[in-house]
file my_file-v6.tsv (TSV, C-alpha atoms)
chain	number	residue	atom	x	y	z
A	7	MET	CA	-120.67	-9.84	-28.26
A	8	PHE	CA	-119.31	-8.98	-31.67
A	9	LYS	CA	-115.67	-9.74	-31.96
A	10	ILE	CA	-112.73	-10.50	-34.16
A	11	THR	CA	-110.20	-12.51	-32.23
A	12	THR	CA	-106.94	-14.38	-32.57
A	13	GLU	CA	-107.95	-16.61	-29.66
A	14	VAL	CA	-109.81	-19.93	-29.73
A	15	ILE	CA	-113.59	-19.40	-29.85
A	16	THR	CA	-115.51	-21.54	-27.39
A	17	GLY	CA	-119.17	-22.48	-27.47
A	18	GLU	CA	-119.48	-21.48	-23.86
A	19	GLU	CA	-118.47	-17.86	-24.40
A	20	VAL	CA	-120.89	-17.26	-27.25
A	21	ARG	CA	-123.71	-19.05	-25.44
A	22	GLU	CA	-123.13	-17.02	-22.30
A	23	ALA	CA	-123.15	-13.84	-24.38
A	24	VAL	CA	-126.77	-14.42	-25.40
A	25	GLU	CA	-128.27	-16.22	-22.42
A	26	GLY	CA	-131.14	-14.65	-20.52
A	27	PRO	CA	-134.31	-15.48	-18.65
A	28	ASP	CA	-136.56	-14.71	-21.64
A	29	ALA	CA	-134.80	-17.27	-23.84
A	30	GLY	CA	-136.47	-20.59	-24.52
A	31	ALA	CA	-133.97	-21.60	-27.15
A	32	VAL	CA	-130.32	-20.97	-27.89
A	33	VAL	CA	-129.12	-21.77	-31.41
A	34	LEU	CA	-125.38	-22.02	-31.87
A	35	PHE	CA	-123.62	-22.23	-35.20
A	36	PHE	CA	-119.94	-22.97	-35.68
A	37	GLY	CA	-118.02	-22.80	-38.91
A	38	THR	CA	-115.01	-25.09	-38.83
A	39	VAL	CA	-111.96	-25.57	-41.01
A	40	ARG	CA	-112.56	-28.39	-43.49
A	41	ASN	CA	-109.73	-30.55	-44.76
A	42	ASN	CA	-110.53	-30.02	-48.44
A	43	THR	CA	-112.07	-27.59	-50.88
A	44	GLY	CA	-113.74	-29.23	-53.83
A	45	GLY	CA	-111.68	-32.33	-53.13
A	46	ARG	CA	-108.31	-30.57	-53.03
A	47	PRO	CA	-106.57	-31.21	-49.71
A	48	VAL	CA	-106.30	-28.17	-47.46
A	49	LYS	CA	-103.47	-27.87	-44.98
A	50	CYS	CA	-104.81	-24.89	-43.03
A	51	LEU	CA	-106.68	-21.63	-43.50
A	52	GLU	CA	-105.58	-18.09	-42.81
A	53	TYR	CA	-108.15	-15.44	-42.03
A	54	GLU	CA	-107.64	-11.70	-42.18
A	55	ALA	CA	-110.16	-9.08	-41.06
A	56	TYR	CA	-110.68	-5.36	-40.84
A	57	PRO	CA	-111.54	-5.59	-37.15
A	58	PRO	CA	-113.28	-2.30	-36.33
A	59	MET	CA	-115.43	-2.39	-39.44
A	60	ALA	CA	-116.10	-6.12	-39.06
A	61	GLU	CA	-117.35	-5.67	-35.52
A	62	LYS	CA	-119.47	-2.71	-36.58
A	63	LYS	CA	-121.04	-4.74	-39.39
A	64	MET	CA	-121.72	-7.64	-37.00
A	65	ALA	CA	-123.58	-5.23	-34.73
A	66	GLU	CA	-125.59	-4.02	-37.73
A	67	ILE	CA	-126.57	-7.60	-38.56
A	68	ALA	CA	-127.80	-7.99	-35.00
A	69	GLU	CA	-129.91	-4.86	-35.56
A	70	GLU	CA	-131.38	-6.46	-38.67
A	71	VAL	CA	-132.22	-9.58	-36.66
A	72	SER	CA	-133.88	-7.40	-34.06
A	73	ASP	CA	-135.95	-5.68	-36.74
A	74	LYS	CA	-137.01	-8.92	-38.40
A	75	TRP	CA	-137.63	-11.21	-35.44
A	76	GLY	CA	-137.62	-8.98	-32.40
A	77	ILE	CA	-134.65	-10.97	-31.11
A	78	ASN	CA	-132.06	-8.94	-29.24
A	79	ARG	CA	-129.77	-11.73	-28.12
A	80	VAL	CA	-127.24	-12.27	-30.90
A	81	ALA	CA	-123.52	-12.86	-30.64
A	82	MET	CA	-120.94	-13.28	-33.37
A	83	ALA	CA	-117.27	-14.08	-33.20
A	84	HIS	CA	-114.78	-14.66	-35.99
A	85	ARG	CA	-111.26	-15.83	-35.56
A	86	VAL	CA	-108.33	-14.51	-37.58
A	87	GLY	CA	-104.84	-15.80	-38.18
A	88	LYS	CA	-103.81	-19.34	-39.03
A	89	LEU	CA	-106.37	-22.03	-38.24
A	90	GLU	CA	-105.82	-25.77	-38.33
A	91	ILE	CA	-108.24	-28.37	-39.67
A	92	GLY	CA	-111.25	-28.75	-37.38
A	93	GLU	CA	-110.84	-25.47	-35.54
A	94	VAL	CA	-113.74	-23.04	-35.17
A	95	SER	CA	-113.41	-20.06	-37.49
A	96	VAL	CA	-116.76	-18.45	-36.81
A	97	ALA	CA	-119.52	-18.72	-34.26
A	98	VAL	CA	-123.01	-17.28	-34.25
A	99	ALA	CA	-125.33	-17.56	-31.25
A	100	VAL	CA	-128.96	-16.53	-31.10
A	101	ALA	CA	-131.21	-16.82	-28.10
A	102	SER	CA	-134.93	-16.54	-28.70
A	103	PRO	CA	-138.17	-17.30	-26.92
A	104	HIS	CA	-138.94	-20.12	-29.40
A	105	ARG	CA	-136.71	-22.30	-31.53
A	106	LYS	CA	-138.20	-21.58	-34.97
A	107	ASP	CA	-137.24	-17.91	-34.91
A	108	GLY	CA	-133.88	-18.79	-33.41
A	109	PHE	CA	-132.97	-21.19	-36.21
A	110	GLU	CA	-134.07	-18.73	-38.88
A	111	ALA	CA	-132.31	-15.80	-37.28
A	112	CYS	CA	-129.08	-17.75	-36.81
A	113	LYS	CA	-129.03	-18.77	-40.47
A	114	TYR	CA	-129.81	-15.22	-41.52
A	115	ALA	CA	-127.03	-13.77	-39.37
A	116	MET	CA	-124.47	-16.22	-40.74
A	117	ASP	CA	-125.53	-15.59	-44.34
A	118	ARG	CA	-125.27	-11.83	-43.81
A	119	LEU	CA	-121.88	-12.19	-42.16
A	120	LYS	CA	-120.58	-13.78	-45.34
A	121	GLN	CA	-122.01	-10.92	-47.38
A	122	ILE	CA	-121.01	-7.77	-45.56
A	123	VAL	CA	-118.46	-8.43	-42.84
A	124	PRO	CA	-114.94	-7.62	-44.09
A	125	ILE	CA	-113.12	-10.88	-43.49
A	126	TRP	CA	-111.00	-12.76	-45.99
A	127	LYS	CA	-109.93	-16.36	-46.17
A	128	ARG	CA	-106.74	-17.69	-47.64
A	129	GLU	CA	-106.43	-21.38	-48.38
A	130	VAL	CA	-103.08	-23.02	-47.83
A	131	TRP	CA	-103.14	-26.22	-49.82
A	132	ALA	CA	-101.47	-29.42	-48.73
A	133	ASP	CA	-98.70	-28.78	-51.27
A	134	ASP	CA	-98.01	-25.40	-49.57
A	135	GLU	CA	-99.42	-23.33	-52.38
A	136	ALA	CA	-101.73	-20.64	-51.07
A	137	GLU	CA	-104.38	-18.35	-52.49
A	138	TRP	CA	-107.08	-15.95	-51.37
A	139	VAL	CA	-110.48	-17.52	-51.71
A	140	LYS	CA	-112.60	-16.19	-54.53
A	141	PRO	CA	-116.30	-15.86	-53.77
A	142	ASP	CA	-116.92	-16.74	-57.41
A	143	ALA	CA	-115.19	-16.18	-60.70
A	144	VAL	CA	-114.79	-12.47	-60.13
A	145	TYR	CA	-111.17	-12.27	-59.27
A	146	PHE	CA	-110.08	-12.92	-62.85
A	147	ASP	CA	-106.84	-11.81	-64.35
A	148	ALA	CA	-106.46	-8.59	-62.39
A	149	LEU	CA	-105.26	-10.54	-59.43
A	150	LYS	CA	-102.47	-12.42	-61.08
A	151	PRO	CA	-99.06	-11.40	-59.77
A	152	ARG	CA	-97.70	-8.25	-61.30
A	153	LYS	CA	-94.94	-8.50	-63.83
A	154	THR	CA	-93.32	-5.28	-62.72
A	155	ALA	CA	-92.15	-4.48	-59.25
A	156	PRO	CA	-93.73	-1.54	-57.43
A	157	GLN	CA	-91.85	1.73	-57.37
A	158	THR	CA	-90.16	2.17	-54.08
A	159	ASP	CA	-89.21	5.83	-54.18
B	3	MET	CA	-105.58	16.91	-46.63
B	4	ASN	CA	-104.30	13.60	-45.37
B	5	VAL	CA	-106.20	10.34	-45.22
B	6	THR	CA	-105.24	6.82	-44.25
B	7	VAL	CA	-105.78	4.11	-46.85
B	8	LYS	CA	-105.89	0.46	-45.82
B	9	TYR	CA	-105.36	-2.58	-48.01
B	10	PHE	CA	-106.56	-6.05	-47.15
B	11	ALA	CA	-106.08	-9.57	-48.39
B	12	VAL	CA	-105.26	-9.64	-52.09
B	13	CYS	CA	-104.88	-5.84	-52.22
B	14	HIS	CA	-102.37	-5.97	-49.40
B	15	GLU	CA	-100.50	-8.68	-51.24
B	16	MET	CA	-100.49	-6.98	-54.61
B	17	LEU	CA	-99.55	-3.52	-53.34
B	18	ASP	CA	-97.10	-4.97	-50.84
B	19	ARG	CA	-98.29	-2.76	-47.98
B	20	SER	CA	-101.20	-2.84	-45.57
B	21	GLU	CA	-101.77	0.88	-45.23
B	22	GLU	CA	-100.40	4.29	-46.06
B	23	GLU	CA	-101.03	7.97	-45.57
B	24	MET	CA	-102.12	9.78	-48.72
B	25	GLU	CA	-102.07	13.49	-49.27
B	26	LEU	CA	-105.03	14.51	-51.39
B	27	PRO	CA	-106.34	17.79	-52.79
B	28	GLU	CA	-109.36	19.38	-51.16
B	29	GLY	CA	-112.56	18.01	-52.63
B	30	ALA	CA	-111.00	14.61	-53.27
B	31	THR	CA	-113.28	11.58	-53.41
B	32	VAL	CA	-112.71	7.86	-53.11
B	33	LYS	CA	-112.21	7.87	-56.87
B	34	THR	CA	-109.18	10.13	-56.45
B	35	ILE	CA	-107.52	7.34	-54.49
B	36	LEU	CA	-108.50	4.67	-56.98
B	37	LYS	CA	-107.06	6.69	-59.84
B	38	ARG	CA	-103.82	7.11	-57.97
B	39	LEU	CA	-103.58	3.39	-57.29
B	40	GLU	CA	-104.17	2.65	-60.95
B	41	GLU	CA	-100.94	4.40	-61.79
B	42	GLU	CA	-99.06	1.87	-59.72
B	43	TRP	CA	-101.21	-1.17	-60.39
B	44	PRO	CA	-103.11	-0.70	-63.71
B	45	GLU	CA	-104.86	-4.06	-63.48
B	46	ILE	CA	-106.63	-2.98	-60.33
B	47	ALA	CA	-109.14	-1.12	-62.49
B	48	GLU	CA	-110.35	-4.41	-63.89
B	49	PHE	CA	-111.84	-5.49	-60.63
B	50	TYR	CA	-113.11	-2.24	-59.20
B	51	GLU	CA	-116.59	-3.46	-60.07
B	52	VAL	CA	-116.33	-6.36	-57.66
B	53	MET	CA	-114.39	-4.55	-55.00
B	54	GLN	CA	-115.92	-2.26	-52.46
B	55	MET	CA	-114.58	0.75	-50.65
B	56	SER	CA	-115.21	1.95	-47.15
B	57	VAL	CA	-114.80	5.29	-45.45
B	58	ASN	CA	-114.64	5.34	-41.67
B	59	TRP	CA	-115.87	1.72	-41.42
B	60	GLU	CA	-118.88	2.22	-43.66
B	61	TYR	CA	-119.27	1.07	-47.25
B	62	ALA	CA	-118.85	4.00	-49.59
B	63	THR	CA	-119.01	4.77	-53.29
B	64	GLU	CA	-116.48	6.24	-55.66
B	65	ASN	CA	-118.19	9.59	-55.25
B	66	THR	CA	-117.95	9.72	-51.48
B	67	GLU	CA	-116.17	12.93	-50.57
B	68	LEU	CA	-113.26	12.74	-48.19
B	69	VAL	CA	-112.17	15.00	-45.37
B	70	GLU	CA	-109.00	15.30	-43.36
B	71	GLY	CA	-108.30	12.26	-41.22
B	72	ASP	CA	-110.67	9.86	-42.98
B	73	GLU	CA	-109.86	6.17	-42.91
B	74	VAL	CA	-110.46	4.65	-46.33
B	75	ALA	CA	-110.17	0.95	-47.14
B	76	LEU	CA	-110.21	-1.17	-50.26
B	77	ILE	CA	-112.46	-4.12	-49.57
B	78	PRO	CA	-111.95	-7.11	-51.87
B	79	PRO	CA	-114.90	-9.52	-52.08
B	80	VAL	CA	-115.39	-10.83	-48.55
B	81	THR	CA	-115.12	-14.53	-47.84
B	82	GLY	CA	-115.43	-14.89	-44.10
B	83	GLY	CA	-117.25	-17.64	-42.31
B	84	CYS	CA	-117.33	-21.08	-43.86
B	85	ASP	CA	-118.73	-22.78	-46.94
B	86	VAL	CA	-122.06	-23.97	-45.61
call {"tool": "encode", "arguments": {"input": "my_file-v6.tsv", "output": "structure tokens"}}
result
Amino acid sequence: MFKITTEVITGEEVREAVEGPDAGAVVLFFGTVRNNTGGRPVKCLEYEAYPPMAEKKMAEIAEEVSDKWGINRVAMAHRVGKLEIGEVSVAVAVASPHRKDGFEACKYAMDRLKQIVPIWKREVWADDEAEWVKPDAVYFDALKPRKTAPQTD
Amino acid sequence: MNVTVKYFAVCHEMLDRSEEEMELPEGATVKTILKRLEEEWPEIAEFYEVMQMSVNWEYATENTELVEGDEVALIPPVTGGCDV
């Protein structure tokens, strides 16, 4: 299962997506909405995705996991839209014969998701200000609001 | 030829639209689109180096050649998942 969804993500659905008789371990990871970023109170988060490309990239990550660990039971789901504090934004499930590979593969898949899957997070602060999250200091001045309005002809 | 160009997150916000059809000359590349966007939003050039482009759901370069019906997207730095 590789999906972008507006629905609540449950542990059961991602676990079921990877279960099988050859599995001796199932590692589940959930990313949840935290109530602050660097100490600044967060009201909620808004996620946007490019769904067809995101799901394609998730499937590619699963291929990478297969190449590295020989594990073919990987599921990834990411929610989009407005999420409240505590809700699950992302889930990764890996089923493997033994736990060591499962833990490693799950971490790898999550790290790769953050690198290549086209999903964006917008923080809505407790004071109702909102901004797209910057992965680091790269957004610089180019992303300040324009002074001139776009042409509409 | 005509291609579809999609804008996400901050690009969507800054350009005030999520996608559009663009008519391009034969032989056009991704760069042709970027140059056209610069005319409307000059500052966009400043962060091309951190932004990626895709063609038909695959990461592409400025030099990727386009054909009729391609779906191109501007991909700002991705920030999915969570901060752990």
call {"tool": "residues_around", "arguments": {"input": "my_file-v6.tsv", "residues": "Glu13 (chain A)", "least_positions_apart": "5", "cutoff": "12 Å", "atoms": "only C-alpha atoms", "output": "tab-separated table (two decimals) with C-alpha atoms, in the frame of the given file"}}
result
chain	number	residue	atom	x	y	z
A	19	GLU	CA	-118.47	-17.86	-24.40
A	83	ALA	CA	-117.27	-14.08	-33.20
A	84	HIS	CA	-114.78	-14.66	-35.99
A	85	ARG	CA	-111.26	-15.83	-35.56
A	86	VAL	CA	-108.33	-14.51	-37.58
A	87	GLY	CA	-104.84	-15.80	-38.18
A	88	LYS	CA	-103.81	-19.34	-39.03
A	89	LEU	CA	-106.37	-22.03	-38.24
A	93	GLU	CA	-110.84	-25.47	-35.54
A	94	VAL	CA	-113.74	-23.04	-35.17
A	95	SER	CA	-113.41	-20.06	-37.49
A	96	VAL	CA	-116.76	-18.45	-36.81
call {"tool": "interface_residues", "arguments": {"input": "my_file-v6.tsv", "of": "chain A", "to": "chain B", "cutoff": "6 Å", "atoms": "all atoms listed in the file", "output": "list in words"}}
result
Gly37, Met59, Val96, Lys120, Pro124, Ile125, Trp126, Lys127 and Ala148 of chain A
call {"tool": "write_last_selection", "arguments": {"input": "my_file-v6.tsv", "atoms": "C-alpha atoms", "output": "PDB file, in the frame of the given file"}}
result
ATOM      1  CA  GLY A  37    -118.020 -22.800 -38.910  1.00  0.00           C
ATOM      2  CA  MET A  59    -115.430  -2.390 -39.440  1.00  0.00           C
ATOM      3  CA  VAL A  96    -116.760 -18.450 -36.810  1.00  0.00           C
ATOM      4  CA  LYS A 120    -120.580 -13.780 -45.340  1.00  0.00           C
ATOM      5  CA  PRO A 124    -114.940  -7.620 -44.090  1.00  0.00           C
ATOM      6  CA  ILE A 125    -113.120 -10.880 -43.490  1.00  0.00           C
ATOM      7  CA  TRP A 126    -111.000 -12.760 -45.990  1.00  0.00           C
ATOM      8  CA  LYS A 127    -109.930 -16.360 -46.170  1.00  0.00           C
ATOM      9  CA  ALA A 148    -106.460  -8.590 -62.390  1.00  0.00           C
TER      10      ALA A 148
END
call {"tool": "residues_around", "arguments": {"input": "my_file-v6.tsv", "residues": "region 104-109 of chain A", "least_positions_apart": "3", "cutoff": "7 Å", "atoms": "all atoms listed in the file", "output": "list of chain:residue names"}}
result
A:Gly30, A:Ala31, A:Val32, A:Val33, A:Trp75, A:Val100, A:Ala101, A:Cys112, A:Lys113
call {"tool": "atom_distance", "arguments": {"input": "my_file-v6.tsv", "atom1": "CA of Thr43 (chain A)", "atom2": "CA of Tyr114 (chain A)"}}
result
23.6 Å
call {"tool": "axis_aligned_box", "arguments": {"input": "my_file-v6.tsv", "around": "region 78-83 of chain B", "padding_each_side": "8 Å", "output": "AutoDock Vina command-line options"}}
result
--center_x -114.6 --center_y -12.4 --center_z -47.2 --size_x 21.3 --size_y 26.5 --size_z 25.8
call {"tool": "atom_distance", "arguments": {"input": "my_file-v6.tsv", "atom1": "CA of Met64 (chain A)", "atom2": "CA of Val80 (chain A)"}}
result
9.4 Å
call {"tool": "closest_residue", "arguments": {"input": "my_file-v6.tsv", "among": "B:Val7, B:Met55, B:Leu39, B:Ala30", "to": "Val69 (chain B)", "atoms": "all atoms listed in the file"}}
result
B:Ala30
call {"tool": "atom_distance", "arguments": {"input": "my_file-v6.tsv", "atom1": "CA of Arg21 (chain A)", "atom2": "CA of Arg128 (chain A)"}}
result
28.0 Å
call {"tool": "residues_around", "arguments": {"input": "my_file-v6.tsv", "residues": "Ala23 (chain A)", "least_positions_apart": "4", "cutoff": "9 Å", "atoms": "all atoms listed in the file", "output": "MDAnalysis selection string"}}
result
chainID A and resid 7 18:19 79:81 99
call {"tool": "residues_near_point", "arguments": {"input": "my_file-v6.tsv", "point": "(-104.6, 16.0, -51.4)", "cutoff": "10 Å", "atoms": "all atoms listed in the file", "output": "list of chain:residue names"}}
result
B:Met3, B:Asn4, B:Val5, B:Met24, B:Glu25, B:Leu26, B:Pro27, B:Glu28, B:Gly29, B:Ala30, B:Thr31, B:Thr34, B:Ile35, B:Leu68, B:Val69, B:Glu70
call {"tool": "residues_around", "arguments": {"input": "my_file-v6.tsv", "residues": "Lys49 (chain A)", "least_positions_apart": "4", "cutoff": "10 Å", "atoms": "only C-alpha atoms", "output": "PyMOL selection string"}}
result
chain A and resi 39-42+89-91+129-136
call {"tool": "closest_residue", "arguments": {"input": "my_file-v6.tsv", "among": "A:Lys74, A:Lys63, A:Lys9, A:Lys140", "to": "Arg118 (chain A)", "atoms": "all atoms listed in the file"}}
result
A:Lys63
call {"tool": "residues_around", "arguments": {"input": "my_file-v6.tsv", "residues": "Val32 (chain B)", "least_positions_apart": "5", "cutoff": "8 Å", "atoms": "only C-alpha atoms", "output": "PyMOL selection string"}}
result
chain B and resi 55+63-68+74
call {"tool": "write_last_selection", "arguments": {"input": "my_file-v6.tsv", "atoms": "C-alpha atoms", "output": "compact mmCIF listing (two decimals), in the coordinates of the input"}}
result
# COMPACT_ATOMS: atom_id res chain seq x y z
CA MET B 55 -114.58 0.75 -50.65
CA THR B 63 -119.01 4.77 -53.29
CA GLU B 64 -116.48 6.24 -55.66
CA ASN B 65 -118.19 9.59 -55.25
CA THR B 66 -117.95 9.72 -51.48
CA GLU B 67 -116.17 12.93 -50.57
CA LEU B 68 -113.26 12.74 -48.19
CA VAL B 74 -110.46 4.65 -46.33
